[in-house]
>>> print(open('start.pdb').read())   # PDB, C-alpha atoms
MODEL        1
ATOM      1  CA  MET A  24      80.669  22.983 -43.353
ATOM      2  CA  ALA A  25      77.803  21.853 -41.160
ATOM      3  CA  LYS A  26      76.176  25.222 -41.651
ATOM      4  CA  GLU A  27      76.428  24.820 -45.412
ATOM      5  CA  ILE A  28      74.657  21.467 -45.269
ATOM      6  CA  LYS A  29      71.969  22.940 -43.055
ATOM      7  CA  GLN A  30      71.416  25.788 -45.481
ATOM      8  CA  LYS A  31      71.200  23.353 -48.383
ATOM      9  CA  ARG A  32      68.609  21.290 -46.511
ATOM     10  CA  LEU A  33      66.571  24.401 -45.808
ATOM     11  CA  ILE A  34      66.532  25.281 -49.511
ATOM     12  CA  PHE A  35      65.523  21.706 -50.392
ATOM     13  CA  ASP A  36      62.749  21.875 -47.793
ATOM     14  CA  ILE A  37      61.419  25.199 -49.048
ATOM     15  CA  VAL A  38      61.373  23.923 -52.638
ATOM     16  CA  LEU A  39      59.656  20.701 -51.517
ATOM     17  CA  VAL A  40      56.958  22.500 -49.543
ATOM     18  CA  PHE A  41      56.393  24.900 -52.418
ATOM     19  CA  ILE A  42      55.989  22.072 -54.939
ATOM     20  CA  LEU A  43      53.686  20.193 -52.566
ATOM     21  CA  LEU A  44      51.560  23.313 -52.071
ATOM     22  CA  VAL A  45      51.131  23.663 -55.843
ATOM     23  CA  VAL A  46      50.281  19.963 -56.259
ATOM     24  CA  ALA A  47      47.921  20.040 -53.272
ATOM     25  CA  THR A  48      46.093  23.103 -54.552
ATOM     26  CA  ALA A  49      45.647  21.343 -57.892
ATOM     27  CA  ALA A  50      44.387  18.267 -56.008
ATOM     28  CA  LEU A  51      41.881  20.425 -54.165
ATOM     29  CA  PHE A  52      40.507  21.703 -57.470
ATOM     30  CA  VAL A  53      40.309  18.152 -58.831
ATOM     31  CA  TRP A  54      38.411  17.139 -55.688
ATOM     32  CA  LYS A  55      36.036  20.087 -56.090
ATOM     33  CA  SER A  56      35.418  19.217 -59.736
ATOM     34  CA  LEU A  57      34.750  15.586 -58.811
ATOM     35  CA  GLY A  58      31.887  16.568 -56.553
ATOM     36  CA  GLY A  59      33.277  18.618 -53.691
ATOM     37  CA  GLY A  60      31.493  21.643 -55.124
ATOM     38  CA  ALA A  61      28.816  20.262 -57.417
ATOM     39  CA  ALA A  62      25.663  22.237 -58.016
ATOM     40  CA  GLN A  63      22.731  21.800 -55.661
ATOM     41  CA  LYS A  64      19.999  19.569 -56.965
ATOM     42  CA  THR A  65      16.581  19.536 -55.399
ATOM     43  CA  ASP A  66      15.714  16.083 -56.702
ATOM     44  CA  ALA A  67      18.839  14.529 -55.214
ATOM     45  CA  VAL A  68      18.691  11.437 -53.011
ATOM     46  CA  VAL A  69      20.216  11.000 -49.585
ATOM     47  CA  VAL A  70      21.852   7.596 -49.540
ATOM     48  CA  VAL A  71      22.714   6.038 -46.196
ATOM     49  CA  ARG A  72      25.202   3.192 -46.144
ATOM     50  CA  GLU A  73      26.372   0.888 -43.436
ATOM     51  CA  GLY A  74      29.707  -0.426 -44.568
ATOM     52  CA  ASN A  75      29.104  -0.959 -48.254
ATOM     53  CA  GLU A  76      25.426  -1.749 -47.971
ATOM     54  CA  ILE A  77      22.720   0.801 -48.695
ATOM     55  CA  ILE A  78      20.372   0.857 -45.705
ATOM     56  CA  ALA A  79      18.223   3.842 -46.615
ATOM     57  CA  GLU A  80      17.454   6.135 -49.519
ATOM     58  CA  LEU A  81      15.594   9.330 -48.752
ATOM     59  CA  PRO A  82      14.641  12.298 -50.929
ATOM     60  CA  LEU A  83      16.595  15.441 -50.092
ATOM     61  CA  ASN A  84      13.557  17.708 -50.471
ATOM     62  CA  VAL A  85      11.389  16.034 -47.813
ATOM     63  CA  ASN A  86      12.051  17.038 -44.230
ATOM     64  CA  ILE A  87      12.533  14.054 -41.967
ATOM     65  CA  GLU A  88      14.396  12.869 -38.895
ATOM     66  CA  LYS A  89      15.488   9.252 -38.864
ATOM     67  CA  THR A  90      17.654   6.901 -36.843
ATOM     68  CA  VAL A  91      19.799   4.674 -38.997
ATOM     69  CA  GLY A  92      22.144   1.776 -38.452
ATOM     70  CA  SER A  93      21.985  -1.567 -36.742
ATOM     71  CA  GLY A  94      23.470  -1.672 -33.272
ATOM     72  CA  ALA A  95      25.571   1.480 -33.348
ATOM     73  CA  THR A  96      23.208   4.122 -34.666
ATOM     74  CA  ASN A  97      23.223   7.637 -36.018
ATOM     75  CA  ARG A  98      20.342  10.078 -36.147
ATOM     76  CA  ILE A  99      20.155  12.042 -39.366
ATOM     77  CA  LYS A 100      18.010  15.055 -40.132
ATOM     78  CA  ILE A 101      16.963  16.231 -43.566
ATOM     79  CA  GLU A 102      15.726  19.777 -43.524
ATOM     80  CA  ASP A 103      15.208  22.278 -46.349
ATOM     81  CA  GLY A 104      17.529  20.501 -48.749
ATOM     82  CA  THR A 105      20.301  19.921 -46.235
ATOM     83  CA  VAL A 106      21.358  16.803 -44.349
ATOM     84  CA  ARG A 107      23.178  16.584 -41.081
ATOM     85  CA  MET A 108      23.986  14.028 -38.452
ATOM     86  CA  ILE A 109      22.330  15.282 -35.280
ATOM     87  CA  SER A 110      23.596  12.560 -33.005
ATOM     88  CA  SER A 111      25.697   9.469 -33.020
ATOM     89  CA  THR A 112      26.383   6.652 -30.613
ATOM     90  CA  CYS A 113      30.063   6.687 -31.532
ATOM     91  CA  PRO A 114      32.458   7.626 -28.757
ATOM     92  CA  GLY A 115      35.081  10.317 -29.088
ATOM     93  CA  TYR A 116      35.265  13.290 -31.418
ATOM     94  CA  GLN A 117      32.014  12.742 -33.316
ATOM     95  CA  ASP A 118      33.363  14.272 -36.477
ATOM     96  CA  CYS A 119      30.144  13.391 -38.262
ATOM     97  CA  VAL A 120      28.078  15.573 -35.927
ATOM     98  CA  GLU A 121      30.692  18.326 -35.884
ATOM     99  CA  LEU A 122      30.830  18.432 -39.674
ATOM    100  CA  GLY A 123      27.392  20.048 -39.837
ATOM    101  CA  LYS A 124      25.177  20.306 -42.897
ATOM    102  CA  ILE A 125      25.771  19.076 -46.400
ATOM    103  CA  SER A 126      23.569  19.997 -49.308
ATOM    104  CA  LEU A 127      25.394  19.361 -52.577
ATOM    105  CA  VAL A 128      25.520  16.305 -54.805
ATOM    106  CA  GLY A 129      28.736  14.438 -54.087
ATOM    107  CA  GLU A 130      29.032  15.612 -50.491
ATOM    108  CA  LYS A 131      29.306  12.998 -47.823
ATOM    109  CA  ILE A 132      29.202  12.644 -44.061
ATOM    110  CA  VAL A 133      31.046   9.638 -42.756
ATOM    111  CA  CYS A 134      30.837   8.228 -39.248
ATOM    112  CA  LEU A 135      33.899   6.020 -39.244
ATOM    113  CA  PRO A 136      33.388   4.313 -35.856
ATOM    114  CA  ASN A 137      29.840   3.234 -36.734
ATOM    115  CA  ARG A 138      30.722   2.544 -40.390
ATOM    116  CA  ILE A 139      27.795   4.666 -41.465
ATOM    117  CA  SER A 140      27.981   7.121 -44.317
ATOM    118  CA  VAL A 141      25.429   9.607 -45.599
ATOM    119  CA  SER A 142      25.912  10.933 -49.093
ATOM    120  CA  ILE A 143      23.910  13.055 -51.476
ATOM    121  CA  GLU A 144      23.604  11.479 -54.873
ATOM    122  CA  GLU A 145      21.766  12.185 -58.091
TER     123      GLU A 145
ATOM    124  CA  MET B  28      71.515   3.872 -24.433
ATOM    125  CA  ARG B  29      73.958   3.947 -21.568
ATOM    126  CA  VAL B  30      72.659   2.245 -18.441
ATOM    127  CA  LYS B  31      74.147   4.932 -16.221
ATOM    128  CA  ASN B  32      71.806   7.547 -17.599
ATOM    129  CA  SER B  33      68.721   5.433 -18.082
ATOM    130  CA  ALA B  34      66.781   7.194 -15.290
ATOM    131  CA  LYS B  35      67.412  10.560 -16.887
ATOM    132  CA  LYS B  36      66.375   9.227 -20.238
ATOM    133  CA  LEU B  37      63.230   7.681 -18.782
ATOM    134  CA  ALA B  38      62.362  11.010 -17.193
ATOM    135  CA  LEU B  39      62.958  12.829 -20.465
ATOM    136  CA  LEU B  40      60.786  10.410 -22.443
ATOM    137  CA  SER B  41      58.035  10.603 -19.805
ATOM    138  CA  VAL B  42      57.954  14.384 -19.952
ATOM    139  CA  THR B  43      57.889  14.249 -23.751
ATOM    140  CA  LEU B  44      55.055  11.734 -23.673
ATOM    141  CA  ALA B  45      53.067  13.863 -21.227
ATOM    142  CA  LEU B  46      53.528  16.946 -23.399
ATOM    143  CA  SER B  47      52.541  15.103 -26.569
ATOM    144  CA  MET B  48      49.396  13.855 -24.811
ATOM    145  CA  ILE B  49      48.522  17.449 -23.951
ATOM    146  CA  PHE B  50      49.065  18.459 -27.580
ATOM    147  CA  SER B  51      46.771  15.643 -28.738
ATOM    148  CA  TYR B  52      44.150  16.683 -26.183
ATOM    149  CA  VAL B  53      44.270  20.392 -27.017
ATOM    150  CA  GLU B  54      43.780  19.568 -30.692
ATOM    151  CA  THR B  55      40.457  17.905 -29.996
ATOM    152  CA  PHE B  56      39.090  21.382 -29.211
ATOM    153  CA  ILE B  57      39.989  22.779 -32.604
ATOM    154  CA  PRO B  58      36.968  22.441 -34.891
ATOM    155  CA  THR B  59      37.761  20.827 -38.241
ATOM    156  CA  ILE B  60      36.437  21.667 -41.688
ATOM    157  CA  LEU B  61      36.818  18.068 -42.808
ATOM    158  CA  PRO B  62      37.541  14.970 -40.738
ATOM    159  CA  GLY B  63      41.247  14.305 -40.816
ATOM    160  CA  VAL B  64      42.270  17.932 -41.029
ATOM    161  CA  LYS B  65      44.407  18.621 -38.011
ATOM    162  CA  LEU B  66      47.621  20.249 -36.962
ATOM    163  CA  GLY B  67      49.434  17.203 -35.589
ATOM    164  CA  LEU B  68      51.334  19.157 -32.958
ATOM    165  CA  ALA B  69      52.260  15.994 -31.096
ATOM    166  CA  ASN B  70      54.336  14.946 -34.080
ATOM    167  CA  ALA B  71      56.725  17.815 -33.319
ATOM    168  CA  LEU B  72      57.778  15.863 -30.243
ATOM    169  CA  THR B  73      58.183  12.630 -32.192
ATOM    170  CA  ILE B  74      60.453  14.421 -34.660
ATOM    171  CA  PHE B  75      62.326  16.031 -31.801
ATOM    172  CA  LEU B  76      62.981  12.595 -30.306
ATOM    173  CA  ILE B  77      64.098  11.113 -33.637
ATOM    174  CA  TYR B  78      66.559  13.940 -34.187
ATOM    175  CA  SER B  79      67.788  14.649 -30.671
ATOM    176  CA  VAL B  80      67.532  11.316 -28.847
ATOM    177  CA  ASP B  81      67.150   8.198 -30.966
ATOM    178  CA  ILE B  82      64.729   6.427 -33.258
ATOM    179  CA  TRP B  83      63.495   3.938 -30.679
ATOM    180  CA  SER B  84      62.550   6.696 -28.248
ATOM    181  CA  GLY B  85      60.512   8.218 -31.074
ATOM    182  CA  VAL B  86      58.830   4.878 -31.812
ATOM    183  CA  GLY B  87      58.079   4.182 -28.151
ATOM    184  CA  VAL B  88      56.733   7.580 -27.167
ATOM    185  CA  SER B  89      54.598   8.023 -30.296
ATOM    186  CA  LEU B  90      53.134   4.508 -30.083
ATOM    187  CA  VAL B  91      52.217   4.913 -26.415
ATOM    188  CA  ARG B  92      50.836   8.354 -27.211
ATOM    189  CA  ILE B  93      48.482   7.167 -29.956
ATOM    190  CA  PHE B  94      47.307   4.309 -27.781
ATOM    191  CA  LEU B  95      46.625   6.507 -24.755
ATOM    192  CA  SER B  96      45.110   9.447 -26.622
ATOM    193  CA  THR B  97      42.764   7.181 -28.572
ATOM    194  CA  LEU B  98      41.798   5.495 -25.308
ATOM    195  CA  LEU B  99      41.267   8.787 -23.472
ATOM    196  CA  PHE B 100      40.050  11.253 -26.101
ATOM    197  CA  GLY B 101      39.217   9.171 -29.157
ATOM    198  CA  SER B 102      36.871   6.420 -30.216
ATOM    199  CA  PHE B 103      38.766   3.589 -28.662
ATOM    200  CA  PRO B 104      38.952   0.318 -30.476
ATOM    201  CA  ILE B 105      38.347   1.485 -34.031
ATOM    202  CA  GLY B 106      40.089   4.836 -33.679
ATOM    203  CA  LEU B 107      43.263   2.971 -32.905
ATOM    204  CA  VAL B 108      43.194   1.354 -36.345
ATOM    205  CA  TYR B 109      43.155   4.786 -37.979
ATOM    206  CA  SER B 110      45.789   6.151 -35.662
ATOM    207  CA  PHE B 111      47.997   3.140 -36.203
ATOM    208  CA  PHE B 112      47.727   3.209 -40.001
ATOM    209  CA  GLY B 113      48.530   6.919 -40.019
ATOM    210  CA  TRP B 114      51.342   6.439 -37.555
ATOM    211  CA  ALA B 115      52.960   3.502 -39.339
ATOM    212  CA  LEU B 116      53.012   5.119 -42.757
ATOM    213  CA  SER B 117      54.068   8.479 -41.397
ATOM    214  CA  PHE B 118      56.822   7.167 -39.153
ATOM    215  CA  LEU B 119      58.286   4.931 -41.832
ATOM    216  CA  THR B 120      58.233   7.793 -44.326
ATOM    217  CA  MET B 121      59.920  10.157 -41.898
ATOM    218  CA  LEU B 122      62.704   7.692 -41.173
ATOM    219  CA  LEU B 123      63.318   6.981 -44.850
ATOM    220  CA  VAL B 124      63.237  10.653 -45.802
ATOM    221  CA  LYS B 125      65.612  11.510 -42.958
ATOM    222  CA  ARG B 126      68.048   8.747 -43.936
ATOM    223  CA  LEU B 127      67.914   8.729 -47.693
ATOM    224  CA  THR B 128      67.079  12.213 -48.898
ATOM    225  CA  PRO B 129      68.723  15.609 -48.618
ATOM    226  CA  PHE B 130      65.621  17.074 -46.996
ATOM    227  CA  GLY B 131      65.750  18.650 -43.557
ATOM    228  CA  ILE B 132      63.321  18.598 -40.640
ATOM    229  CA  VAL B 133      60.609  20.585 -42.430
ATOM    230  CA  GLY B 134      60.715  18.177 -45.366
ATOM    231  CA  VAL B 135      60.605  15.162 -43.052
ATOM    232  CA  SER B 136      57.650  16.598 -41.155
ATOM    233  CA  THR B 137      55.700  17.636 -44.263
ATOM    234  CA  LEU B 138      56.082  14.290 -46.032
ATOM    235  CA  GLY B 139      55.300  12.539 -42.741
ATOM    236  CA  ALA B 140      52.106  14.556 -42.330
ATOM    237  CA  ILE B 141      50.972  13.770 -45.873
ATOM    238  CA  MET B 142      51.638  10.069 -45.401
ATOM    239  CA  HIS B 143      49.763  10.186 -42.091
ATOM    240  CA  ASN B 144      46.729  11.486 -43.964
ATOM    241  CA  LEU B 145      47.178   8.860 -46.668
ATOM    242  CA  GLY B 146      47.441   6.112 -44.051
ATOM    243  CA  GLN B 147      44.250   7.222 -42.355
ATOM    244  CA  THR B 148      42.412   7.533 -45.652
ATOM    245  CA  LEU B 149      43.529   4.006 -46.573
ATOM    246  CA  ALA B 150      42.352   2.763 -43.172
ATOM    247  CA  ALA B 151      38.989   4.400 -43.835
ATOM    248  CA  CYS B 152      38.808   2.686 -47.242
ATOM    249  CA  LEU B 153      39.526  -0.665 -45.619
ATOM    250  CA  ILE B 154      37.125  -0.297 -42.717
ATOM    251  CA  MET B 155      34.307   1.177 -44.796
ATOM    252  CA  GLN B 156      35.053  -1.303 -47.604
ATOM    253  CA  SER B 157      34.868   1.495 -50.094
ATOM    254  CA  ALA B 158      37.764   2.380 -52.366
ATOM    255  CA  GLU B 159      36.163   5.630 -53.429
ATOM    256  CA  LEU B 160      36.825   7.167 -50.021
ATOM    257  CA  ILE B 161      40.408   7.562 -51.188
ATOM    258  CA  ILE B 162      39.207  10.746 -52.858
ATOM    259  CA  TYR B 163      39.313  12.393 -49.431
ATOM    260  CA  PHE B 164      43.055  12.271 -49.673
ATOM    261  CA  LEU B 165      42.951  15.065 -52.269
ATOM    262  CA  PRO B 166      41.811  17.880 -49.965
ATOM    263  CA  LEU B 167      43.878  16.419 -47.114
ATOM    264  CA  LEU B 168      46.992  16.829 -49.253
ATOM    265  CA  LEU B 169      46.761  20.593 -48.875
ATOM    266  CA  SER B 170      45.980  20.612 -45.165
ATOM    267  CA  GLY B 171      48.686  18.014 -44.579
ATOM    268  CA  THR B 172      51.292  20.078 -46.402
ATOM    269  CA  ILE B 173      50.478  23.248 -44.493
ATOM    270  CA  ALA B 174      50.226  21.536 -41.104
ATOM    271  CA  GLY B 175      53.316  19.420 -41.745
ATOM    272  CA  ALA B 176      55.435  22.415 -42.723
ATOM    273  CA  PHE B 177      54.276  24.325 -39.640
ATOM    274  CA  VAL B 178      54.950  21.414 -37.295
ATOM    275  CA  GLY B 179      58.291  20.883 -39.034
ATOM    276  CA  ALA B 180      59.334  24.455 -38.340
ATOM    277  CA  LEU B 181      58.310  23.979 -34.715
ATOM    278  CA  SER B 182      60.311  20.736 -34.516
ATOM    279  CA  ALA B 183      63.370  22.412 -36.006
ATOM    280  CA  LEU B 184      63.121  25.056 -33.300
ATOM    281  CA  LEU B 185      62.809  22.391 -30.599
ATOM    282  CA  VAL B 186      65.815  20.463 -31.893
ATOM    283  CA  LYS B 187      67.871  23.626 -32.174
ATOM    284  CA  LYS B 188      67.008  25.036 -28.747
ATOM    285  CA  LEU B 189      66.769  21.850 -26.704
ATOM    286  CA  GLY B 190      68.587  19.197 -28.714
ATOM    287  CA  GLY B 191      72.013  19.960 -27.309
ATOM    288  CA  LYS B 192      70.859  20.425 -23.719
ATOM    289  CA  LEU B 193      69.319  17.051 -23.013
ATOM    290  CA  PRO B 194      70.260  15.721 -19.577
ATOM    291  CA  HIS B 195      70.722  12.114 -20.699
ATOM    292  CA  LYS B 196      73.563  13.151 -22.978
ATOM    293  CA  LYS B 197      75.618  14.755 -20.212
TER     294      LYS B 197
ENDMDL
END
>>> encode(input="start.pdb", output="structure tokens")
Amino acid sequence: MAKEIKQKRLIFDIVLVFILLVVATAALFVWKSLGGGAAQKTDAVVVVREGNEIIAELPLNVNIEKTVGSGATNRIKIEDGTVRMISSTCPGYQDCVELGKISLVGEKIVCLPNRISVSIEE
Amino acid sequence: MRVKNSAKKLALLSVTLALSMIFSYVETFIPTILPGVKLGLANALTIFLIYSVDIWSGVGVSLVRIFLSTLLFGSFPIGLVYSFFGWALSFLTMLLVKRLTPFGIVGVSTLGAIMHNLGQTLAACLIMQSAELIIYFLPLLLSGTIAGAFVGALSALLVKKLGGKLPHKK
């Protein structure tokens, strides 16, 4: 009896995971189509925000290194059409630095602890 | 909880907490493609506690774990907000799914993992004051499903192999 219930649960679980995988794959494609994989544009702008406020707008095709943010700061580097966070004052994992380069319109680097985001926009 | 065995239970919960801290720590070495993508190994121990000991042990150990691991390996004050949002949504979901649905451990873990990601994305939206960040939930749905199913299988193994042998039950 208990074994039967267990087997039933396993089947339910497998079906659930399968359905979720299908939905999630679809979601991934939606995300890509919304900007996760947009075409590279040379005249794109690098927009830096602190919270919701735009604190800098830089052209993607001009190489520059710049420190942004008030108080807690991040150093960003624009080089050959790519942007990356080269350092951050945030403690811990430093996801933003680890993430590496972005180069496509719609891509974004977010430093959650410092509330600073860098995105490439048209 | 029977008072007679409280020392054994305390020891069991301490060992579980220590192990979940190690899992959290080890995961910081795994590079991520996207922030938020992670295995969530420590959750296997939370699920193990919910199934083999009791709900409150699961609540206690996982809450202390997120506090300590954010303090030790994370970005302390703000990281705790993310951890807590993820934890709250995930834990609540896991309890409800366990109680109210026919799903087993893998289902509980997978839905918990997805809700953890949703909770953290929502926390990000709140802290960054930007609703559009919610879009990051889309790719996390896939990683959450895969990681959750894997951790669920691991939890099922833990419950099966160790669940009946816990000292505090003897």
>>> interface_residues(input="start.pdb", of="chain B", to="chain A", cutoff="10 Å", atoms="all atoms listed in the file", output="ChimeraX atom specification")
/B:55-56,58-63,97-106,109,128-138,141,150-157,160,162-173,175-176,179
>>> write_last_selection(input="start.pdb", atoms="C-alpha atoms", output="PDB file, in the coordinates of the input")
ATOM      1  CA  THR B  55      40.457  17.905 -29.996  1.00  0.00           C
ATOM      2  CA  PHE B  56      39.090  21.382 -29.211  1.00  0.00           C
ATOM      3  CA  PRO B  58      36.968  22.441 -34.891  1.00  0.00           C
ATOM      4  CA  THR B  59      37.761  20.827 -38.241  1.00  0.00           C
ATOM      5  CA  ILE B  60      36.437  21.667 -41.688  1.00  0.00           C
ATOM      6  CA  LEU B  61      36.818  18.068 -42.808  1.00  0.00           C
ATOM      7  CA  PRO B  62      37.541  14.970 -40.738  1.00  0.00           C
ATOM      8  CA  GLY B  63      41.247  14.305 -40.816  1.00  0.00           C
ATOM      9  CA  THR B  97      42.764   7.181 -28.572  1.00  0.00           C
ATOM     10  CA  LEU B  98      41.798   5.495 -25.308  1.00  0.00           C
ATOM     11  CA  LEU B  99      41.267   8.787 -23.472  1.00  0.00           C
ATOM     12  CA  PHE B 100      40.050  11.253 -26.101  1.00  0.00           C
ATOM     13  CA  GLY B 101      39.217   9.171 -29.157  1.00  0.00           C
ATOM     14  CA  SER B 102      36.871   6.420 -30.216  1.00  0.00           C
ATOM     15  CA  PHE B 103      38.766   3.589 -28.662  1.00  0.00           C
ATOM     16  CA  PRO B 104      38.952   0.318 -30.476  1.00  0.00           C
ATOM     17  CA  ILE B 105      38.347   1.485 -34.031  1.00  0.00           C
ATOM     18  CA  GLY B 106      40.089   4.836 -33.679  1.00  0.00           C
ATOM     19  CA  TYR B 109      43.155   4.786 -37.979  1.00  0.00           C
ATOM     20  CA  THR B 128      67.079  12.213 -48.898  1.00  0.00           C
ATOM     21  CA  PRO B 129      68.723  15.609 -48.618  1.00  0.00           C
ATOM     22  CA  PHE B 130      65.621  17.074 -46.996  1.00  0.00           C
ATOM     23  CA  GLY B 131      65.750  18.650 -43.557  1.00  0.00           C
ATOM     24  CA  ILE B 132      63.321  18.598 -40.640  1.00  0.00           C
ATOM     25  CA  VAL B 133      60.609  20.585 -42.430  1.00  0.00           C
ATOM     26  CA  GLY B 134      60.715  18.177 -45.366  1.00  0.00           C
ATOM     27  CA  VAL B 135      60.605  15.162 -43.052  1.00  0.00           C
ATOM     28  CA  SER B 136      57.650  16.598 -41.155  1.00  0.00           C
ATOM     29  CA  THR B 137      55.700  17.636 -44.263  1.00  0.00           C
ATOM     30  CA  LEU B 138      56.082  14.290 -46.032  1.00  0.00           C
ATOM     31  CA  ILE B 141      50.972  13.770 -45.873  1.00  0.00           C
ATOM     32  CA  ALA B 150      42.352   2.763 -43.172  1.00  0.00           C
ATOM     33  CA  ALA B 151      38.989   4.400 -43.835  1.00  0.00           C
ATOM     34  CA  CYS B 152      38.808   2.686 -47.242  1.00  0.00           C
ATOM     35  CA  LEU B 153      39.526  -0.665 -45.619  1.00  0.00           C
ATOM     36  CA  ILE B 154      37.125  -0.297 -42.717  1.00  0.00           C
ATOM     37  CA  MET B 155      34.307   1.177 -44.796  1.00  0.00           C
ATOM     38  CA  GLN B 156      35.053  -1.303 -47.604  1.00  0.00           C
ATOM     39  CA  SER B 157      34.868   1.495 -50.094  1.00  0.00           C
ATOM     40  CA  LEU B 160      36.825   7.167 -50.021  1.00  0.00           C
ATOM     41  CA  ILE B 162      39.207  10.746 -52.858  1.00  0.00           C
ATOM     42  CA  TYR B 163      39.313  12.393 -49.431  1.00  0.00           C
ATOM     43  CA  PHE B 164      43.055  12.271 -49.673  1.00  0.00           C
ATOM     44  CA  LEU B 165      42.951  15.065 -52.269  1.00  0.00           C
ATOM     45  CA  PRO B 166      41.811  17.880 -49.965  1.00  0.00           C
ATOM     46  CA  LEU B 167      43.878  16.419 -47.114  1.00  0.00           C
ATOM     47  CA  LEU B 168      46.992  16.829 -49.253  1.00  0.00           C
ATOM     48  CA  LEU B 169      46.761  20.593 -48.875  1.00  0.00           C
ATOM     49  CA  SER B 170      45.980  20.612 -45.165  1.00  0.00           C
ATOM     50  CA  GLY B 171      48.686  18.014 -44.579  1.00  0.00           C
ATOM     51  CA  THR B 172      51.292  20.078 -46.402  1.00  0.00           C
ATOM     52  CA  ILE B 173      50.478  23.248 -44.493  1.00  0.00           C
ATOM     53  CA  GLY B 175      53.316  19.420 -41.745  1.00  0.00           C
ATOM     54  CA  ALA B 176      55.435  22.415 -42.723  1.00  0.00           C
ATOM     55  CA  GLY B 179      58.291  20.883 -39.034  1.00  0.00           C
TER      56      GLY B 179
END
>>> resolve_selection(input="start.pdb", expression="the PyMOL selection byres ((chain A and resi 102) around 9)", output="ChimeraX atom specification")
/A:83-88,100-101,103-107
>>> atom_distance(input="start.pdb", atom1="CA of Ser110 in chain B", atom2="CA of Leu90 in chain B")
9.4 Å
>>> residues_around(input="start.pdb", residues="Phe111 in chain B", least_positions_apart="5", cutoff="10 Å", atoms="all atoms listed in the file", output="PyMOL selection string")
chain B and resi 90+93-94+106+116-117+143+146-147+150
>>> write_last_selection(input="start.pdb", atoms="C-alpha atoms", output="mmCIF file, in the frame of the given file")
data_model
loop_
_atom_site.group_PDB
_atom_site.id
_atom_site.type_symbol
_atom_site.label_atom_id
_atom_site.label_comp_id
_atom_site.auth_asym_id
_atom_site.auth_seq_id
_atom_site.Cartn_x
_atom_site.Cartn_y
_atom_site.Cartn_z
ATOM 1 C CA LEU B 90 53.134 4.508 -30.083
ATOM 2 C CA ILE B 93 48.482 7.167 -29.956
ATOM 3 C CA PHE B 94 47.307 4.309 -27.781
ATOM 4 C CA GLY B 106 40.089 4.836 -33.679
ATOM 5 C CA LEU B 116 53.012 5.119 -42.757
ATOM 6 C CA SER B 117 54.068 8.479 -41.397
ATOM 7 C CA HIS B 143 49.763 10.186 -42.091
ATOM 8 C CA GLY B 146 47.441 6.112 -44.051
ATOM 9 C CA GLN B 147 44.250 7.222 -42.355
ATOM 10 C CA ALA B 150 42.352 2.763 -43.172
#
>>> atom_distance(input="start.pdb", atom1="CA of Leu119 in chain B", atom2="CA of Leu107 in chain B")
17.6 Å
>>> atom_distance(input="start.pdb", atom1="CA of Ile77 in chain B", atom2="CA of Ala115 in chain B")
14.6 Å
>>> resolve_selection(input="start.pdb", expression="the PyMOL selection byres ((chain B and resi 80) around 9)", output="PyMOL selection string")
chain B and resi 36+75-79+81-85+190+193+195-196
>>> closest_residue(input="start.pdb", among="B:Leu122, B:Leu127, B:Ala180, B:Leu40", to="Gly139 in chain B", atoms="only C-alpha atoms")
B:Leu122
>>> axis_aligned_box(input="start.pdb", around="range 150-161 of chain B", padding_each_side="8 Å", output="JSON")
{"center_x": 38.3, "center_y": 3.1, "center_z": -48.1, "size_x": 24.0, "size_y": 24.9, "size_z": 26.7}
>>> closest_residue(input="start.pdb", among="A:Val69, A:Ala25, A:Val91, A:Ala79", to="Gly129 in chain A", atoms="all atoms listed in the file")
A:Val69
>>> residues_around(input="start.pdb", residues="range 181-185 of chain B", least_positions_apart="3", cutoff="7 Å", atoms="only C-alpha atoms", output="list in words")
Ala71, Leu72, Ile74, Phe75, Ile132, Phe177, Val178, Lys188, Leu189 and Gly190 of chain B
>>> write_last_selection(input="start.pdb", atoms="C-alpha atoms", output="PDB file, keeping the file's coordinate frame")
ATOM      1  CA  ALA B  71      56.725  17.815 -33.319  1.00  0.00           C
ATOM      2  CA  LEU B  72      57.778  15.863 -30.243  1.00  0.00           C
ATOM      3  CA  ILE B  74      60.453  14.421 -34.660  1.00  0.00           C
ATOM      4  CA  PHE B  75      62.326  16.031 -31.801  1.00  0.00           C
ATOM      5  CA  ILE B 132      63.321  18.598 -40.640  1.00  0.00           C
ATOM      6  CA  PHE B 177      54.276  24.325 -39.640  1.00  0.00           C
ATOM      7  CA  VAL B 178      54.950  21.414 -37.295  1.00  0.00           C
ATOM      8  CA  LYS B 188      67.008  25.036 -28.747  1.00  0.00           C
ATOM      9  CA  LEU B 189      66.769  21.850 -26.704  1.00  0.00           C
ATOM     10  CA  GLY B 190      68.587  19.197 -28.714  1.00  0.00           C
TER      11      GLY B 190
END
>>> residues_around(input="start.pdb", residues="Met108 in chain A", least_positions_apart="2", cutoff="7 Å", atoms="all atoms listed in the file", output="PyMOL selection string")
chain A and resi 97-100+110+119-120
>>> write_last_selection(input="start.pdb", atoms="C-alpha atoms", output="PDB file, keeping the file's coordinate frame")
ATOM      1  CA  ASN A  97      23.223   7.637 -36.018  1.00  0.00           C
ATOM      2  CA  ARG A  98      20.342  10.078 -36.147  1.00  0.00           C
ATOM      3  CA  ILE A  99      20.155  12.042 -39.366  1.00  0.00           C
ATOM      4  CA  LYS A 100      18.010  15.055 -40.132  1.00  0.00           C
ATOM      5  CA  SER A 110      23.596  12.560 -33.005  1.00  0.00           C
ATOM      6  CA  CYS A 119      30.144  13.391 -38.262  1.00  0.00           C
ATOM      7  CA  VAL A 120      28.078  15.573 -35.927  1.00  0.00           C
TER       8      VAL A 120
END
